[in-house]
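Q: What follows is start18.pdb, PDB, C-alpha atoms, pLDDT in the B column.
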```pdb
ATOM      1  CA  MET V 991      90.965  68.578 120.097  1.00 48.00           C
ATOM      2  CA  PRO V 992      90.209  64.911 119.601  1.00 50.00           C
ATOM      3  CA  LYS V 993      86.581  63.807 119.688  1.00 51.00           C
ATOM      4  CA  SER V 994      87.389  61.579 122.667  1.00 77.00           C
ATOM      5  CA  PHE V 995      87.318  64.630 124.985  1.00 83.00           C
ATOM      6  CA  SER V 996      83.967  66.130 125.869  1.00 86.00           C
ATOM      7  CA  ASP V 997      83.729  69.893 126.367  1.00 88.00           C
ATOM      8  CA  SER V 998      83.668  69.426 130.140  1.00 91.00           C
ATOM      9  CA  GLU V 999      86.772  67.184 129.969  1.00 91.00           C
ATOM     10  CA  LYS V1000      88.618  69.778 127.871  1.00 91.00           C
ATOM     11  CA  GLU V1001      87.665  72.475 130.346  1.00 94.00           C
ATOM     12  CA  TYR V1002      88.767  70.327 133.295  1.00 95.00           C
ATOM     13  CA  ILE V1003      92.127  69.404 131.705  1.00 95.00           C
ATOM     14  CA  LYS V1004      92.880  73.023 130.802  1.00 95.00           C
ATOM     15  CA  LYS V1005      91.982  74.148 134.343  1.00 96.00           C
ATOM     16  CA  ARG V1006      94.236  71.472 135.852  1.00 97.00           C
ATOM     17  CA  LEU V1007      97.110  72.366 133.509  1.00 97.00           C
ATOM     18  CA  LEU V1008      96.876  76.014 134.594  1.00 96.00           C
ATOM     19  CA  GLU V1009      96.669  75.074 138.294  1.00 96.00           C
ATOM     20  CA  GLU V1010      99.621  72.699 138.251  1.00 96.00           C
ATOM     21  CA  ALA V1011     101.716  74.985 136.050  1.00 95.00           C
ATOM     22  CA  ALA V1012     101.097  77.778 138.574  1.00 93.00           C
ATOM     23  CA  HIS V1013     102.251  75.494 141.430  1.00 94.00           C
ATOM     24  CA  CYS V1014     105.348  74.463 139.477  1.00 93.00           C
ATOM     25  CA  LEU V1015     106.150  78.060 138.565  1.00 90.00           C
ATOM     26  CA  SER V1016     105.971  79.103 142.227  1.00 89.00           C
ATOM     27  CA  GLN V1017     107.982  76.119 143.377  1.00 90.00           C
ATOM     28  CA  TYR V1018     110.597  75.718 140.639  1.00 89.00           C
ATOM     29  CA  GLY V1019     110.615  78.858 138.487  1.00 88.00           C
ATOM     30  CA  VAL V1020     110.484  78.896 134.689  1.00 88.00           C
ATOM     31  CA  ARG V1021     113.631  76.911 133.842  1.00 88.00           C
ATOM     32  CA  LYS V1022     112.982  73.985 136.179  1.00 91.00           C
ATOM     33  CA  THR V1023     109.283  73.706 135.365  1.00 93.00           C
ATOM     34  CA  THR V1024     108.969  70.944 132.787  1.00 95.00           C
ATOM     35  CA  VAL V1025     106.147  69.583 130.659  1.00 96.00           C
ATOM     36  CA  ASP V1026     106.950  66.153 132.114  1.00 96.00           C
ATOM     37  CA  GLU V1027     106.351  67.406 135.663  1.00 96.00           C
ATOM     38  CA  ILE V1028     103.122  69.190 134.722  1.00 97.00           C
ATOM     39  CA  VAL V1029     101.614  66.186 132.908  1.00 97.00           C
ATOM     40  CA  ARG V1030     102.643  63.903 135.787  1.00 96.00           C
ATOM     41  CA  ARG V1031     100.737  66.136 138.202  1.00 97.00           C
ATOM     42  CA  VAL V1032      97.683  66.402 135.931  1.00 96.00           C
ATOM     43  CA  ASN V1033      97.897  62.659 135.166  1.00 95.00           C
ATOM     44  CA  ILE V1034      97.630  62.969 131.385  1.00 95.00           C
ATOM     45  CA  PRO V1035      99.897  61.665 128.598  1.00 94.00           C
ATOM     46  CA  LYS V1036     102.511  64.105 127.318  1.00 94.00           C
ATOM     47  CA  GLY V1037     100.911  64.049 123.866  1.00 93.00           C
ATOM     48  CA  THR V1038      97.658  65.340 125.370  1.00 94.00           C
ATOM     49  CA  PHE V1039      99.491  68.407 126.712  1.00 96.00           C
ATOM     50  CA  TYR V1040     100.340  69.476 123.172  1.00 94.00           C
ATOM     51  CA  LEU V1041      96.680  69.293 122.173  1.00 93.00           C
ATOM     52  CA  PHE V1042      96.119  72.169 124.606  1.00 95.00           C
ATOM     53  CA  TYR V1043      99.376  74.150 124.404  1.00 94.00           C
ATOM     54  CA  PRO V1044     102.110  74.316 121.752  1.00 92.00           C
ATOM     55  CA  SER V1045     104.810  74.795 124.416  1.00 90.00           C
ATOM     56  CA  LYS V1046     105.546  75.094 128.107  1.00 90.00           C
ATOM     57  CA  GLU V1047     106.142  78.829 127.597  1.00 88.00           C
ATOM     58  CA  ARG V1048     102.675  79.375 126.159  1.00 90.00           C
ATOM     59  CA  LEU V1049     101.088  77.651 129.160  1.00 93.00           C
ATOM     60  CA  LEU V1050     103.204  79.635 131.629  1.00 91.00           C
ATOM     61  CA  PHE V1051     102.274  82.841 129.817  1.00 88.00           C
ATOM     62  CA  ASP V1052      98.598  81.992 130.434  1.00 91.00           C
ATOM     63  CA  VAL V1053      99.388  81.326 134.109  1.00 92.00           C
ATOM     64  CA  ILE V1054     101.043  84.742 134.458  1.00 87.00           C
ATOM     65  CA  LEU V1055      98.240  86.431 132.512  1.00 86.00           C
ATOM     66  CA  GLN V1056      95.611  84.732 134.695  1.00 89.00           C
ATOM     67  CA  PHE V1057      97.428  85.805 137.875  1.00 88.00           C
ATOM     68  CA  ASN V1058      97.694  89.370 136.573  1.00 84.00           C
ATOM     69  CA  GLU V1059      93.991  89.437 135.653  1.00 85.00           C
ATOM     70  CA  THR V1060      93.027  88.129 139.113  1.00 89.00           C
ATOM     71  CA  ILE V1061      94.962  90.962 140.798  1.00 86.00           C
ATOM     72  CA  GLN V1062      93.488  93.560 138.429  1.00 83.00           C
ATOM     73  CA  THR V1063      89.938  92.249 138.922  1.00 86.00           C
ATOM     74  CA  GLU V1064      90.431  92.413 142.677  1.00 89.00           C
ATOM     75  CA  LEU V1065      91.559  96.035 142.349  1.00 86.00           C
ATOM     76  CA  ILE V1066      88.550  96.953 140.181  1.00 85.00           C
ATOM     77  CA  ASP V1067      86.161  95.183 142.578  1.00 87.00           C
ATOM     78  CA  GLU V1068      87.572  97.005 145.610  1.00 87.00           C
ATOM     79  CA  VAL V1069      87.366 100.394 143.891  1.00 84.00           C
ATOM     80  CA  SER V1070      83.866  99.592 142.640  1.00 83.00           C
ATOM     81  CA  ALA V1071      82.799  98.791 146.215  1.00 85.00           C
ATOM     82  CA  LEU V1072      83.698 102.372 147.200  1.00 79.00           C
ATOM     83  CA  GLN V1073      81.190 103.617 144.597  1.00 70.00           C
ATOM     84  CA  ILE V1074      81.406 107.427 144.398  1.00 71.00           C
ATOM     85  CA  HIS V1075      83.524 107.758 147.550  1.00 77.00           C
ATOM     86  CA  VAL V1076      86.891 107.214 145.849  1.00 81.00           C
ATOM     87  CA  THR V1077      89.530 109.461 147.403  1.00 85.00           C
ATOM     88  CA  PRO V1078      93.272 109.594 146.702  1.00 89.00           C
ATOM     89  CA  GLU V1079      93.965 108.115 150.148  1.00 92.00           C
ATOM     90  CA  LYS V1080      91.532 105.199 149.752  1.00 90.00           C
ATOM     91  CA  LEU V1081      92.764 104.419 146.234  1.00 89.00           C
ATOM     92  CA  THR V1082      96.409 104.598 147.362  1.00 93.00           C
ATOM     93  CA  ASN V1083      95.717 102.128 150.200  1.00 93.00           C
ATOM     94  CA  ILE V1084      93.885  99.680 147.907  1.00 91.00           C
ATOM     95  CA  ILE V1085      96.652  99.737 145.294  1.00 91.00           C
ATOM     96  CA  TYR V1086      99.347  99.502 147.983  1.00 94.00           C
ATOM     97  CA  SER V1087      97.762  96.354 149.482  1.00 92.00           C
ATOM     98  CA  LEU V1088      97.643  94.738 146.023  1.00 89.00           C
ATOM     99  CA  TYR V1089     101.304  95.593 145.402  1.00 89.00           C
ATOM    100  CA  LYS V1090     102.130  93.866 148.687  1.00 90.00           C
ATOM    101  CA  LYS V1091     100.320  90.752 147.393  1.00 88.00           C
ATOM    102  CA  LEU V1092     102.329  90.965 144.180  1.00 85.00           C
ATOM    103  CA  ASP V1093     105.487  91.281 146.265  1.00 86.00           C
ATOM    104  CA  ASP V1094     104.637  88.011 148.030  1.00 86.00           C
ATOM    105  CA  SER V1095     103.955  86.212 144.736  1.00 86.00           C
ATOM    106  CA  PHE V1096     106.286  84.346 142.370  1.00 83.00           C
ATOM    107  CA  LEU V1097     106.616  87.294 139.939  1.00 81.00           C
ATOM    108  CA  PRO V1098     109.340  89.407 141.621  1.00 80.00           C
ATOM    109  CA  ARG V1099     111.564  86.337 142.069  1.00 79.00           C
ATOM    110  CA  LEU V1100     111.162  85.379 138.406  1.00 81.00           C
ATOM    111  CA  ILE V1101     112.068  88.897 137.320  1.00 77.00           C
ATOM    112  CA  ALA V1102     115.024  89.208 139.715  1.00 75.00           C
ATOM    113  CA  ASP V1103     116.437  85.854 138.595  1.00 78.00           C
ATOM    114  CA  GLY V1104     116.188  86.956 134.961  1.00 76.00           C
ATOM    115  CA  GLU V1105     113.847  84.050 134.267  1.00 80.00           C
ATOM    116  CA  LEU V1106     110.895  86.199 133.210  1.00 75.00           C
ATOM    117  CA  ASP V1107     112.996  88.123 130.700  1.00 75.00           C
ATOM    118  CA  LEU V1108     114.363  84.894 129.219  1.00 76.00           C
ATOM    119  CA  PHE V1109     110.867  83.437 129.164  1.00 75.00           C
ATOM    120  CA  MET V1110     109.310  86.499 127.460  1.00 73.00           C
ATOM    121  CA  ARG V1111     112.002  86.422 124.752  1.00 76.00           C
ATOM    122  CA  LYS V1112     110.893  82.896 123.822  1.00 76.00           C
ATOM    123  CA  LEU V1113     107.327  84.066 123.236  1.00 74.00           C
ATOM    124  CA  PRO V1114     106.052  85.558 119.997  1.00 76.00           C
ATOM    125  CA  PRO V1115     106.227  89.404 120.190  1.00 74.00           C
ATOM    126  CA  GLU V1116     102.469  89.688 119.787  1.00 76.00           C
ATOM    127  CA  LEU V1117     101.973  87.989 123.186  1.00 72.00           C
ATOM    128  CA  SER V1118     104.088  90.610 124.996  1.00 67.00           C
ATOM    129  CA  LYS V1119     102.087  93.287 123.225  1.00 71.00           C
ATOM    130  CA  LEU V1120      98.863  91.537 124.271  1.00 69.00           C
ATOM    131  CA  HIS V1121     100.017  91.607 127.921  1.00 66.00           C
ATOM    132  CA  ALA V1122     100.600  95.397 127.832  1.00 66.00           C
ATOM    133  CA  GLU V1123      97.295  95.961 126.024  1.00 70.00           C
ATOM    134  CA  LYS V1124      95.448  93.929 128.660  1.00 70.00           C
ATOM    135  CA  ASP V1125      97.075  96.063 131.382  1.00 69.00           C
ATOM    136  CA  ASP V1126      95.887  99.212 129.626  1.00 68.00           C
ATOM    137  CA  LEU V1127      92.383  97.780 129.164  1.00 72.00           C
ATOM    138  CA  SER V1128      92.157  96.809 132.839  1.00 74.00           C
ATOM    139  CA  PHE V1129      93.272 100.279 133.800  1.00 71.00           C
ATOM    140  CA  SER V1130      90.532 101.760 131.596  1.00 76.00           C
ATOM    141  CA  LYS V1131      88.002  99.551 133.419  1.00 77.00           C
ATOM    142  CA  LEU V1132      89.360 100.802 136.741  1.00 76.00           C
ATOM    143  CA  LEU V1133      88.863 104.407 135.621  1.00 74.00           C
ATOM    144  CA  ASP V1134      85.280 103.589 134.630  1.00 75.00           C
ATOM    145  CA  GLU V1135      84.650 102.847 138.318  1.00 73.00           C
ATOM    146  CA  MET V1136      85.825 106.350 139.310  1.00 74.00           C
ATOM    147  CA  PRO V1137      83.361 108.976 138.125  1.00 65.00           C
ATOM    148  CA  GLY V1138      84.903 112.320 137.259  1.00 67.00           C
ATOM    149  CA  ILE V1139      88.387 110.984 136.555  1.00 73.00           C
ATOM    150  CA  GLU V1140      89.418 111.363 132.935  1.00 72.00           C
ATOM    151  CA  ILE V1141      92.986 110.498 131.932  1.00 76.00           C
ATOM    152  CA  ALA V1142      94.390 111.971 128.719  1.00 74.00           C
ATOM    153  CA  ASP V1143      96.601 108.934 128.000  1.00 80.00           C
ATOM    154  CA  VAL V1144      95.778 105.786 129.974  1.00 80.00           C
ATOM    155  CA  ARG V1145      98.935 104.096 128.658  1.00 83.00           C
ATOM    156  CA  ILE V1146     101.171 106.555 130.538  1.00 87.00           C
ATOM    157  CA  ILE V1147      99.467 105.990 133.917  1.00 85.00           C
ATOM    158  CA  SER V1148      99.381 102.236 133.280  1.00 83.00           C
ATOM    159  CA  ALA V1149     103.115 102.314 132.443  1.00 86.00           C
ATOM    160  CA  ALA V1150     103.795 104.334 135.609  1.00 90.00           C
ATOM    161  CA  PHE V1151     102.175 101.600 137.692  1.00 88.00           C
ATOM    162  CA  ARG V1152     104.248  98.955 135.843  1.00 85.00           C
ATOM    163  CA  GLY V1153     107.317 101.026 136.739  1.00 90.00           C
ATOM    164  CA  ILE V1154     106.290 101.029 140.400  1.00 92.00           C
ATOM    165  CA  PHE V1155     105.934  97.256 140.215  1.00 86.00           C
ATOM    166  CA  LEU V1156     109.521  97.019 138.987  1.00 84.00           C
ATOM    167  CA  SER V1157     110.661  98.913 142.084  1.00 88.00           C
ATOM    168  CA  LEU V1158     109.794  95.731 144.035  1.00 84.00           C
ATOM    169  CA  LEU V1159     112.981  94.291 142.529  1.00 81.00           C
ATOM    170  CA  HIS V1160     115.129  97.020 144.050  1.00 85.00           C
ATOM    171  CA  LYS V1161     114.170  96.891 147.727  1.00 86.00           C
ATOM    172  CA  GLN V1162     117.766  96.602 148.847  1.00 86.00           C
ATOM    173  CA  ASP V1163     118.892  99.504 146.645  1.00 89.00           C
ATOM    174  CA  ILE V1164     116.025 101.685 147.881  1.00 91.00           C
ATOM    175  CA  GLY V1165     116.449 100.548 151.495  1.00 92.00           C
ATOM    176  CA  GLU V1166     114.406  97.721 152.972  1.00 90.00           C
ATOM    177  CA  ASP V1167     113.747  99.701 156.152  1.00 94.00           C
ATOM    178  CA  VAL V1168     111.988 102.483 154.198  1.00 95.00           C
ATOM    179  CA  PHE V1169     110.742 100.545 151.186  1.00 94.00           C
ATOM    180  CA  ASP V1170     107.104 100.107 152.223  1.00 94.00           C
ATOM    181  CA  GLU V1171     106.694 103.822 152.900  1.00 95.00           C
ATOM    182  CA  ALA V1172     108.533 104.701 149.680  1.00 95.00           C
ATOM    183  CA  LEU V1173     106.233 102.331 147.771  1.00 95.00           C
ATOM    184  CA  LYS V1174     103.203 104.095 149.215  1.00 96.00           C
ATOM    185  CA  VAL V1175     104.652 107.514 148.281  1.00 96.00           C
ATOM    186  CA  MET V1176     105.221 106.379 144.669  1.00 96.00           C
ATOM    187  CA  ILE V1177     101.704 104.993 144.396  1.00 95.00           C
ATOM    188  CA  ARG V1178     100.227 108.123 145.943  1.00 95.00           C
ATOM    189  CA  GLY V1179     102.169 110.274 143.458  1.00 95.00           C
ATOM    190  CA  VAL V1180     100.591 108.524 140.465  1.00 92.00           C
ATOM    191  CA  VAL V1181      97.157 108.502 142.125  1.00 91.00           C
ATOM    192  CA  MET V1182      97.403 112.253 142.825  1.00 91.00           C
ATOM    193  CA  GLN V1183      98.340 112.809 139.173  1.00 88.00           C
ATOM    194  CA  MET V1184      95.165 110.980 138.175  1.00 86.00           C
ATOM    195  CA  PHE V1185      93.037 113.164 140.434  1.00 83.00           C
ATOM    196  CA  GLU V1186      94.824 116.359 139.311  1.00 80.00           C
ATOM    197  CA  GLU V1187      94.206 115.528 135.648  1.00 65.00           C
ATOM    198  CA  ALA V1188      90.532 115.116 136.505  1.00 58.00           C
ATOM    199  CA  GLU V1189      90.438 118.658 137.942  1.00 60.00           C
ATOM    200  CA  VAL V1190      92.023 120.344 134.901  1.00 52.00           C
TER     201      VAL V1190
END
```
Could you write out this structure as structure tokens?

A:
Amino acid sequence: MPKSFSDSEKEYIKKRLLEEAAHCLSQYGVRKTTVDEIVRRVNIPKGTFYLFYPSKERLLFDVILQFNETIQTELIDEVSALQIHVTPEKLTNIIYSLYKKLDDSFLPRLIADGELDLFMRKLPPELSKLHAEKDDLSFSKLLDEMPGIEIADVRIISAAFRGIFLSLLHKQDIGEDVFDEALKVMIRGVVMQMFEEAEV
């Protein structure tokens, strides 16, 4: 970073880049979001953008990661608020409501349009791996908030929840009239598995 930016300026510019990239991603998708549009919205020169991010894709990856972390933190906070009174029904309802928020977000559209896949292929493989590892780590934190639940392999349960997320892309195939109930059944199935493992 050049000396001309103070720490607070760097922090502000990075925050604004993330905010405006998130707006562009929701509005235009990956392909139509451009560095030119982002820097116009943030009101910085294009050269300054590259002091913060090597590419549009790297910035958008941070936007998606930040969104994912916000959802996961919300889940952990809600479970933590239950303290020791975590039941399969309560946990199912909390996770279901967060999936509904995900369903209303930009992510399912990006996946359905094939944009997310194209976008992820442009990223270095270690970033995709980092995303999965962060999911697993967040899931471990969630389990820490539920005394008495021990999962043999957190990665499997975490992957099961990623699989449920992907079902959001197949509402029509599953049946839109029954999808919400089917979503709840899938979530409850994984949640019950977690509680059953704890009893073994």

Q: Applying the PyMOL selection byres ((chain V and resi 1049) around 12) to the file I just gave you, which residues come out? Please list them as an MDAnalysis selection string.

A: chainID V and resid 1004:1012 1014:1015 1020 1023:1025 1028 1039:1048 1050:1056 1109 1113 1117

Q: Which value, in Å to one decimal, gives the distance between atom CA of Glu1186 of chain V and atom CA of Arg1145 of chain V?

A: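 Rounded to one decimal, the two atoms are 16.8 Å apart.
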
Q: What is the atom CA of Gln1062 of chain V-atom CA of Ser1128 of chain V distance in Å, reported with one decimal?

A: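 Answer for the atom CA of Gln1062 of chain V to atom CA of Ser1128 of chain V separation: 6.6 Å.
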
Q: Expressed in Å to a single decimal, how great is the separation between atom CA of Ser1148 of chain V and atom CA of Glu1105 of chain V?

A: 23.3 Å

Q: Ranking V:His1013, V:Asp997, V:Asp1167, V:Gly1019 by minimum distance to Leu1108 of chain V and counting all atoms listed in the file, which one comes first?

A: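 Comparing V:His1013, V:Asp997, V:Asp1167, V:Gly1019 against Leu1108 of chain V, the winner is V:Gly1019.
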
Q: Determine the residue set returned by the PyMOL selection byres ((chain V and resi 1146) around 12) for the present structure, and present it as a list in words.

A: Ala1122, Asp1125, Asp1126, Phe1129, Ser1130, Ile1141, Ala1142, Asp1143, Val1144, Arg1145, Ile1147, Ser1148, Ala1149, Ala1150, Phe1151, Arg1152, Gly1153, Val1180, Gln1183 and Met1184 of chain V

Q: Emit the selected residues as a PDB file, in the frame of the given file, including C-alpha atoms.

A:
```pdb
ATOM      1  CA  ALA V1122     100.600  95.397 127.832  1.00 66.00           C
ATOM      2  CA  ASP V1125      97.075  96.063 131.382  1.00 69.00           C
ATOM      3  CA  ASP V1126      95.887  99.212 129.626  1.00 68.00           C
ATOM      4  CA  PHE V1129      93.272 100.279 133.800  1.00 71.00           C
ATOM      5  CA  SER V1130      90.532 101.760 131.596  1.00 76.00           C
ATOM      6  CA  ILE V1141      92.986 110.498 131.932  1.00 76.00           C
ATOM      7  CA  ALA V1142      94.390 111.971 128.719  1.00 74.00           C
ATOM      8  CA  ASP V1143      96.601 108.934 128.000  1.00 80.00           C
ATOM      9  CA  VAL V1144      95.778 105.786 129.974  1.00 80.00           C
ATOM     10  CA  ARG V1145      98.935 104.096 128.658  1.00 83.00           C
ATOM     11  CA  ILE V1147      99.467 105.990 133.917  1.00 85.00           C
ATOM     12  CA  SER V1148      99.381 102.236 133.280  1.00 83.00           C
ATOM     13  CA  ALA V1149     103.115 102.314 132.443  1.00 86.00           C
ATOM     14  CA  ALA V1150     103.795 104.334 135.609  1.00 90.00           C
ATOM     15  CA  PHE V1151     102.175 101.600 137.692  1.00 88.00           C
ATOM     16  CA  ARG V1152     104.248  98.955 135.843  1.00 85.00           C
ATOM     17  CA  GLY V1153     107.317 101.026 136.739  1.00 90.00           C
ATOM     18  CA  VAL V1180     100.591 108.524 140.465  1.00 92.00           C
ATOM     19  CA  GLN V1183      98.340 112.809 139.173  1.00 88.00           C
ATOM     20  CA  MET V1184      95.165 110.980 138.175  1.00 86.00           C
TER      21      MET V1184
END
```

Q: Can you pull out every residue within 12 Å of Lys1131 of chain V, counting all atoms listed in the file, but drop anything in the same chain fewer than 2 positions away, and send it as a ChimeraX atom specification?

A: /V:1059,1062-1067,1069-1070,1124-1129,1133-1137,1139-1140,1144,1148

Q: For each of V:Ile1003, V:Ser1157, V:Val1175, V:Gly1165, take the minimum atom-to-atom distance to Val1029 of chain V, counting only C-alpha atoms, then give the residue where this is smallest.

A: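 That would be V:Ile1003, the residue with the smallest distance to Val1029 of chain V.
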
Q: Using only C-alpha atoms, determine which residues lie at most 10 Å from Leu1158 of chain V, disregarding the query and same-chain residues fewer than 3 positions distant; provide the list as a list in words.

A: Tyr1089, Lys1090, Leu1092, Asp1093, Leu1097, Pro1098, Arg1099, Ile1101, Ala1102, Gly1153, Ile1154, Phe1155, Lys1161, Gln1162, Ile1164, Phe1169, Asp1170 and Leu1173 of chain V

Q: Would you save the residues from that selection as a PDB file, in the coordinates of the input, using C-alpha atoms?

A:
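out-v9.pdb, written as the output of this step:
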```pdb
ATOM      1  CA  TYR V1089     101.304  95.593 145.402  1.00 89.00           C
ATOM      2  CA  LYS V1090     102.130  93.866 148.687  1.00 90.00           C
ATOM      3  CA  LEU V1092     102.329  90.965 144.180  1.00 85.00           C
ATOM      4  CA  ASP V1093     105.487  91.281 146.265  1.00 86.00           C
ATOM      5  CA  LEU V1097     106.616  87.294 139.939  1.00 81.00           C
ATOM      6  CA  PRO V1098     109.340  89.407 141.621  1.00 80.00           C
ATOM      7  CA  ARG V1099     111.564  86.337 142.069  1.00 79.00           C
ATOM      8  CA  ILE V1101     112.068  88.897 137.320  1.00 77.00           C
ATOM      9  CA  ALA V1102     115.024  89.208 139.715  1.00 75.00           C
ATOM     10  CA  GLY V1153     107.317 101.026 136.739  1.00 90.00           C
ATOM     11  CA  ILE V1154     106.290 101.029 140.400  1.00 92.00           C
ATOM     12  CA  PHE V1155     105.934  97.256 140.215  1.00 86.00           C
ATOM     13  CA  LYS V1161     114.170  96.891 147.727  1.00 86.00           C
ATOM     14  CA  GLN V1162     117.766  96.602 148.847  1.00 86.00           C
ATOM     15  CA  ILE V1164     116.025 101.685 147.881  1.00 91.00           C
ATOM     16  CA  PHE V1169     110.742 100.545 151.186  1.00 94.00           C
ATOM     17  CA  ASP V1170     107.104 100.107 152.223  1.00 94.00           C
ATOM     18  CA  LEU V1173     106.233 102.331 147.771  1.00 95.00           C
TER      19      LEU V1173
END
```

Q: Under the rule that only C-alpha atoms are counted, which of V:Lys1022, V:Leu1100, V:Leu1132, V:Val1181 is the nearest residue to Leu1072 of chain V?

A: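 Smallest distance to Leu1072 of chain V is found for V:Leu1132.
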
Q: Nearest residue to Asp1103 of chain V out of V:Leu1159, V:Gln1073, V:Glu999, V:Asn1033, using all atoms listed in the file?

A: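 Looking only at the distances to Asp1103 of chain V, the closest residue turns out to be V:Leu1159.
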
Q: Mind checking which residues fall within 8 Å of Lys1174 of chain V, counting only C-alpha atoms, ignoring those fewer than 3 positions away in the same chain, and posting them as an NGL selection string?

A: :V and (1082-1083 or 1086 or 1170-1171 or 1177-1178)
